[in-house]
Amino acid sequence: MLVGIALTIIWSARLTTDRTLYVSGLGADGEPTAAAFELALLLLVAGGFAVAWAARGLRSTLPWLSAWSPSLSVAIASSLFLLASQVPCTSGCPLPVGPTFTWQDLIHTTAAVLAFALAAIAMLQVSFVEGRPVLRLLSLGAGVSTAVIAAAGGILSLLQYRTDIGSILELVATTIGMGWLMILGFATAHAYGAAHVPQHAPEATEHEPIALIAEERPLLSAR
């Protein structure tokens, strides 16, 4: 629920501007959408921590993806998004290199990139958990597409080429990633609910004593 609200806020903020802005640019210093974007990130963080706790029992079956749990990946990614929300990029979100370098932009960009990377790793980890074929398939598709689309958008940003397309690609990657987080939350909540459904023993009916007496009568008659 929290992640869904966060995604709605991000899309609403993006649709209110007619300029080319990457997702982080919505929260840059001086942007009219900065407050809304910070709220969206905080909601994402809260939702991310909740999902990480709910998914703590999941573990990848691949050795190179099982060094830590998907839950830890989501939790660390959420922590990095929290940092990014409190250290927004400067106006225009310039790359933290050359004459435009600032520590503020470096911290924000590093936190956001690492958070995206950990989110993609979490998706791949869930792709190889035991059982849950639908969740595994959705996680694999989300992980691969998020990594490829976000990388393409990032490269266009670094090259300062067709940033209009790059910004759209980043928004699409963000949508896929947050959508997957919602799916993971729903899937783990459903699994938890199904595992804790109380199993009621069959109740005795008022006719059972009569049936027992009826079974005993032939024995008494035989005596």
# chains A, B, ... in the order shown; residues from 1 in each chain; ligands from 1
call {"tool": "residues_around", "arguments": {"residues": "A:Thr175", "least_positions_apart": "3", "cutoff": "9 Å", "atoms": "only C-alpha atoms", "output": "list in words"}}
result
Leu7, Trp11, Thr146, Glu170, Leu171, Val172, Met178, Gly179 and Trp180 of chain A
call {"tool": "residues_around", "arguments": {"residues": "A:Ala36", "least_positions_apart": "3", "cutoff": "8 Å", "atoms": "only C-alpha atoms", "output": "list in words"}}
result
Ile9, Ile10, Ala13, Gly27, Thr33, Leu39 and Ala40 of chain A
call {"tool": "atom_distance", "arguments": {"atom1": "atom CA of A:Ser71", "atom2": "atom CA of A:Gly57"}}
result
8.0 Å
call {"tool": "residues_around", "arguments": {"residues": "A:Pro94", "least_positions_apart": "3", "cutoff": "12 Å", "atoms": "only C-alpha atoms", "output": "count of residues only"}}
result
25
call {"tool": "select_by_dssp", "arguments": {"residues": "stretch 84-214 of chain A", "states": "helix (DSSP H, G or I)", "output": "PyMOL selection string"}}
result
chain A and resi 84-86+98-100+103-126+133-159+163-195+208-214
call {"tool": "write_last_selection", "arguments": {"atoms": "C-alpha atoms", "output": "CSV table (one decimal), in the first residue's frame"}}
result
chain,number,residue,atom,x,y,z
A,84,ALA,CA,18.9,9.9,-1.0
A,85,SER,CA,15.6,11.5,0.3
A,86,GLN,CA,17.5,13.5,2.9
A,98,GLY,CA,34.3,18.3,-13.2
A,99,PRO,CA,33.3,21.9,-12.4
A,100,THR,CA,29.8,21.0,-11.3
A,103,TRP,CA,29.5,16.5,-2.3
A,104,GLN,CA,25.8,16.7,-2.1
A,105,ASP,CA,25.3,15.5,-5.7
A,106,LEU,CA,27.9,12.7,-5.1
A,107,ILE,CA,26.2,11.4,-2.0
A,108,HIS,CA,22.7,11.5,-3.6
A,109,THR,CA,23.8,9.9,-6.9
A,110,THR,CA,25.9,7.2,-5.2
A,111,ALA,CA,23.0,6.3,-2.8
A,112,ALA,CA,20.5,6.2,-5.6
A,113,VAL,CA,22.6,4.1,-7.9
A,114,LEU,CA,23.5,1.6,-5.2
A,115,ALA,CA,19.9,1.4,-4.1
A,116,PHE,CA,18.8,0.5,-7.6
A,117,ALA,CA,21.6,-2.1,-7.9
A,118,LEU,CA,20.6,-3.8,-4.6
A,119,ALA,CA,17.0,-3.8,-5.7
A,120,ALA,CA,17.9,-5.5,-8.9
A,121,ILE,CA,20.0,-8.0,-6.9
A,122,ALA,CA,17.0,-8.7,-4.6
A,123,MET,CA,14.8,-9.4,-7.7
A,124,LEU,CA,17.4,-11.9,-9.0
A,125,GLN,CA,17.7,-13.5,-5.6
A,126,VAL,CA,13.9,-14.0,-5.4
A,133,PRO,CA,7.0,-20.4,-9.6
A,134,VAL,CA,4.9,-17.3,-10.4
A,135,LEU,CA,6.8,-15.1,-8.0
A,136,ARG,CA,10.1,-16.4,-9.4
A,137,LEU,CA,9.1,-15.7,-13.0
A,138,LEU,CA,7.9,-12.2,-12.2
A,139,SER,CA,11.0,-11.5,-10.2
A,140,LEU,CA,13.3,-12.6,-13.0
A,141,GLY,CA,11.5,-10.5,-15.6
A,142,ALA,CA,11.5,-7.5,-13.3
A,143,GLY,CA,15.2,-7.9,-12.3
A,144,VAL,CA,16.5,-8.2,-15.9
A,145,SER,CA,14.3,-5.4,-17.3
A,146,THR,CA,15.1,-3.1,-14.4
A,147,ALA,CA,18.8,-3.6,-14.7
A,148,VAL,CA,18.8,-3.2,-18.5
A,149,ILE,CA,16.5,-0.2,-18.7
A,150,ALA,CA,18.1,1.6,-15.7
A,151,ALA,CA,21.5,1.0,-17.2
A,152,ALA,CA,20.4,2.4,-20.6
A,153,GLY,CA,19.0,5.5,-19.0
A,154,GLY,CA,22.1,6.0,-16.9
A,155,ILE,CA,24.4,5.7,-19.9
A,156,LEU,CA,22.4,8.4,-21.8
A,157,SER,CA,22.6,10.6,-18.7
A,158,LEU,CA,26.4,10.1,-18.5
A,159,LEU,CA,26.8,10.9,-22.2
A,163,THR,CA,18.2,12.8,-21.9
A,164,ASP,CA,14.5,13.0,-22.8
A,165,ILE,CA,14.6,9.3,-23.6
A,166,GLY,CA,16.9,8.6,-20.7
A,167,SER,CA,14.6,10.2,-18.2
A,168,ILE,CA,11.7,8.1,-19.5
A,169,LEU,CA,13.7,5.0,-19.2
A,170,GLU,CA,14.6,5.7,-15.6
A,171,LEU,CA,10.9,6.4,-14.8
A,172,VAL,CA,10.0,3.1,-16.4
A,173,ALA,CA,12.7,1.2,-14.4
A,174,THR,CA,11.5,2.9,-11.2
A,175,THR,CA,8.0,1.8,-11.9
A,176,ILE,CA,9.0,-1.8,-12.6
A,177,GLY,CA,11.1,-1.9,-9.4
A,178,MET,CA,8.4,-0.4,-7.2
A,179,GLY,CA,5.8,-2.6,-8.8
A,180,TRP,CA,7.9,-5.7,-8.0
A,181,LEU,CA,8.2,-4.6,-4.4
A,182,MET,CA,4.5,-4.5,-4.2
A,183,ILE,CA,4.2,-7.9,-5.7
A,184,LEU,CA,6.7,-9.3,-3.3
A,185,GLY,CA,4.8,-7.7,-0.4
A,186,PHE,CA,1.5,-9.2,-1.5
A,187,ALA,CA,3.0,-12.6,-2.2
A,188,THR,CA,4.7,-12.9,1.2
A,189,ALA,CA,1.6,-11.6,3.0
A,190,HIS,CA,-0.6,-14.2,1.2
A,191,ALA,CA,1.8,-17.0,2.0
A,192,TYR,CA,2.0,-16.0,5.7
A,193,GLY,CA,-1.8,-15.9,5.9
A,194,ALA,CA,-2.2,-19.2,4.2
A,195,ALA,CA,0.4,-20.8,6.6
A,208,GLU,CA,-22.7,-39.4,17.5
A,209,PRO,CA,-23.7,-40.7,21.0
A,210,ILE,CA,-26.9,-42.2,19.5
A,211,ALA,CA,-24.8,-43.9,16.8
A,212,LEU,CA,-22.5,-45.4,19.4
A,213,ILE,CA,-25.4,-46.8,21.3
A,214,ALA,CA,-26.9,-48.2,18.2
